[in-house]
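Shown next, in structure tokens, is the structure this report addresses.
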Amino acid sequence: ALELKLTPALTLLRSTLDQLQEKDTAKIFSEPVNLSEVPDYLEFISQPMDFSTMRTKLEGHAYCSITDLEKDFDLMITNCLKYNSKDTMFHKTALQLREVGGAILRHAHRQSQSIG
Ligand SMILES: CCOC(=O)c1ccc2c(c1)NC(=O)[C@@H](C)N2
């Protein structure tokens, strides 16, 4: 039935998002960049993204596949790499999260193929 078919897909999306967020130990990606703290952020970044926004989208059925989730993860990382210069903790942290996140997403893609 439909409800049985959808549940594994949502469960895989949730567990993948949880695994990605767990690797953000400094929690710099947990919430949207604070625009009062970083007033020029939107001059450089047209589409902000963060894990709380991704979770709201996930629960709102905005992601139909792991690929959809991966697109927002990549957006979040590239925003950080663009805005923050190479010598910042933010930039270095984003590079590391991109690597470890890639492995998590590759595994999730494989699992997704097996649940159809
Ligand atoms: C309370 C001050 O917080 C920040 O200035 C700040 C807090 C979190 C941030 C960030 C800035 N910049 C970023 O690019 C993303 C990755 N995270």
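Numbering starts fresh at 1 for the residues of each chain in the structure tokens, the chains themselves are lettered A, B, ... in the order given, and ligands are numbered from 1 as they appear.
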
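Within 12 Å of range 36-43 of chain A, once only C-alpha atoms are used and residues closer than 5 positions along the same chain are dropped, the contacting residues are A:Pro48, A:Met49, A:Asn79, A:Cys80, A:Lys82, A:Tyr83, A:Asn84.
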
Open item on the list: At a cut-off of 8 Å, using only C-alpha atoms, what residues contact Leu97 in chain A? Leave out same-chain residues fewer than 4 positions from it and give the result as a list in words.
Closed with: Lys23, Asp24, Ile77, Thr93 and Gly101 of chain A

Open item on the list: For Thr16 in chain A, find every residue with an atom within 9 Å (counting only C-alpha atoms), except residues of its own chain fewer than 6 positions away, and show them as a list in words.
Closed with: Ile66, Leu69, Ile104, Leu105 and Ala108 of chain A

Task: Residue neighbourhood Thr56 in chain A, 12 Å, only C-alpha atoms, exclusion window fewer than 6 positions, as number ranges by chain - done: A: 14, 17, 31, 49-50, 62-63, 69

Open item on the list: What does the structure give for the distance between CA of Glu59 in chain A and CA of Phe44 in chain A, in Å to one decimal?
Closed with: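 For CA of Glu59 in chain A relative to CA of Phe44 in chain A, the distance reads 28.6 Å.
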
TODO: Select, from A:Leu58, A:Ala9, A:Leu95, A:Leu20, the residue with the minimum atom-to-atom distance to ligand 1, counting only C-alpha atoms and all ligand atoms.
DONE: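 Under the stated criterion, the closest residue is A:Leu95.
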
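Counting only C-alpha atoms and comparing A:Ile28, A:Ala103, A:Met76, A:Ala94, the residue that lies closest to Ile45 in chain A is A:Met76.
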
Task: Counting only C-alpha atoms, the option among A:Leu35, A:Pro8, A:His61, A:Asp74 closest to Glu99 in chain A - done: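 Ranked by minimum distance to Glu99 in chain A, first place goes to A:Asp74.
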
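Here the question is which of A:Thr25, A:Gln96, A:Asn34, A:Gln113 gets nearest to ligand 1 using only C-alpha atoms and all ligand atoms, and that residue is A:Asn34.
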
Task: Distance criterion (only C-alpha atoms and all ligand atoms): nearest to ligand 1 out of A:Gln47, A:Gln19, A:Ser65, A:Ser30 - done: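 Nearest to ligand 1: A:Ser30.
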
Could you give me the residues within chain A that DSSP places in alpha helix (DSSP H), as a tab-separated table (two decimals) with C-alpha atoms, in the first residue's frame?
```tsv
chain	number	residue	atom	x	y	z
A	2	LEU	CA	1.10	3.67	-0.37
A	3	GLU	CA	1.72	4.26	3.37
A	4	LEU	CA	4.02	1.21	3.54
A	5	LYS	CA	5.82	2.28	0.38
A	6	LEU	CA	6.44	5.89	1.58
A	7	THR	CA	7.60	5.07	5.11
A	8	PRO	CA	10.96	3.43	4.23
A	9	ALA	CA	11.81	6.34	1.93
A	10	LEU	CA	11.05	8.97	4.61
A	11	THR	CA	12.87	6.89	7.20
A	12	LEU	CA	15.96	6.71	5.00
A	13	LEU	CA	15.81	10.48	4.39
A	14	ARG	CA	15.52	11.15	8.15
A	15	SER	CA	18.37	8.82	9.08
A	16	THR	CA	20.60	10.32	6.35
A	17	LEU	CA	19.90	13.87	7.58
A	18	ASP	CA	20.58	12.76	11.16
A	19	GLN	CA	23.92	11.20	10.12
A	20	LEU	CA	24.95	14.37	8.25
A	21	GLN	CA	23.99	16.66	11.11
A	22	GLU	CA	25.82	14.48	13.65
A	41	TYR	CA	25.34	37.72	4.17
A	42	LEU	CA	22.56	38.10	1.57
A	43	GLU	CA	24.78	40.34	-0.58
A	44	PHE	CA	26.84	37.22	-1.31
A	51	PHE	CA	19.99	21.72	8.73
A	52	SER	CA	16.87	23.06	10.49
A	53	THR	CA	15.48	24.27	7.16
A	54	MET	CA	16.32	20.91	5.58
A	55	ARG	CA	14.49	19.09	8.40
A	56	THR	CA	11.38	21.25	7.94
A	57	LYS	CA	11.48	20.57	4.19
A	58	LEU	CA	11.94	16.82	4.80
A	59	GLU	CA	8.93	16.59	7.14
A	66	ILE	CA	18.26	11.27	-1.56
A	67	THR	CA	19.36	13.39	-4.54
A	68	ASP	CA	16.95	16.17	-3.47
A	69	LEU	CA	18.42	16.10	0.05
A	70	GLU	CA	21.95	16.07	-1.39
A	71	LYS	CA	21.20	19.23	-3.44
A	72	ASP	CA	20.36	21.22	-0.29
A	73	PHE	CA	23.36	19.76	1.57
A	74	ASP	CA	25.64	20.84	-1.30
A	75	LEU	CA	23.99	24.31	-1.33
A	76	MET	CA	24.62	24.69	2.42
A	77	ILE	CA	28.29	23.71	2.01
A	78	THR	CA	28.94	25.90	-1.05
A	79	ASN	CA	27.30	28.91	0.62
A	80	CYS	CA	29.76	28.51	3.48
A	81	LEU	CA	32.76	28.08	1.16
A	82	LYS	CA	31.75	31.21	-0.78
A	83	TYR	CA	31.04	33.52	2.13
A	89	MET	CA	37.26	27.79	10.78
A	90	PHE	CA	33.92	27.95	8.94
A	91	HIS	CA	35.57	27.31	5.54
A	92	LYS	CA	37.77	24.48	6.82
A	93	THR	CA	34.84	22.88	8.65
A	94	ALA	CA	32.72	22.99	5.48
A	95	LEU	CA	35.46	21.21	3.48
A	96	GLN	CA	35.62	18.44	6.07
A	97	LEU	CA	31.85	18.08	6.27
A	98	ARG	CA	31.67	17.90	2.46
A	99	GLU	CA	34.05	14.90	2.49
A	100	VAL	CA	32.45	12.95	5.30
A	101	GLY	CA	28.97	13.85	4.05
A	102	GLY	CA	29.80	12.49	0.61
A	103	ALA	CA	30.42	9.04	2.05
A	104	ILE	CA	27.15	9.14	4.03
A	105	LEU	CA	25.21	10.16	0.92
A	106	ARG	CA	26.81	7.48	-1.28
A	107	HIS	CA	25.74	4.86	1.24
A	108	ALA	CA	22.22	6.32	1.40
A	109	HIS	CA	21.93	6.21	-2.42
A	110	ARG	CA	22.82	2.50	-2.35
A	111	GLN	CA	20.23	1.83	0.37
A	112	SER	CA	17.62	3.78	-1.56
A	113	GLN	CA	18.14	1.57	-4.62
A	114	SER	CA	17.46	-1.53	-2.54
A	115	ILE	CA	14.14	-0.17	-1.10
```

TODO: Go through A:Ala26, A:Ser85, A:Val33, A:Gly116 one by one, measure the shortest atom-to-atom distance of each to ligand 1 using only C-alpha atoms and all ligand atoms, and give the residue with the smallest value.
DONE: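 Counting only C-alpha atoms and all ligand atoms, the residue closest to ligand 1 is A:Val33.
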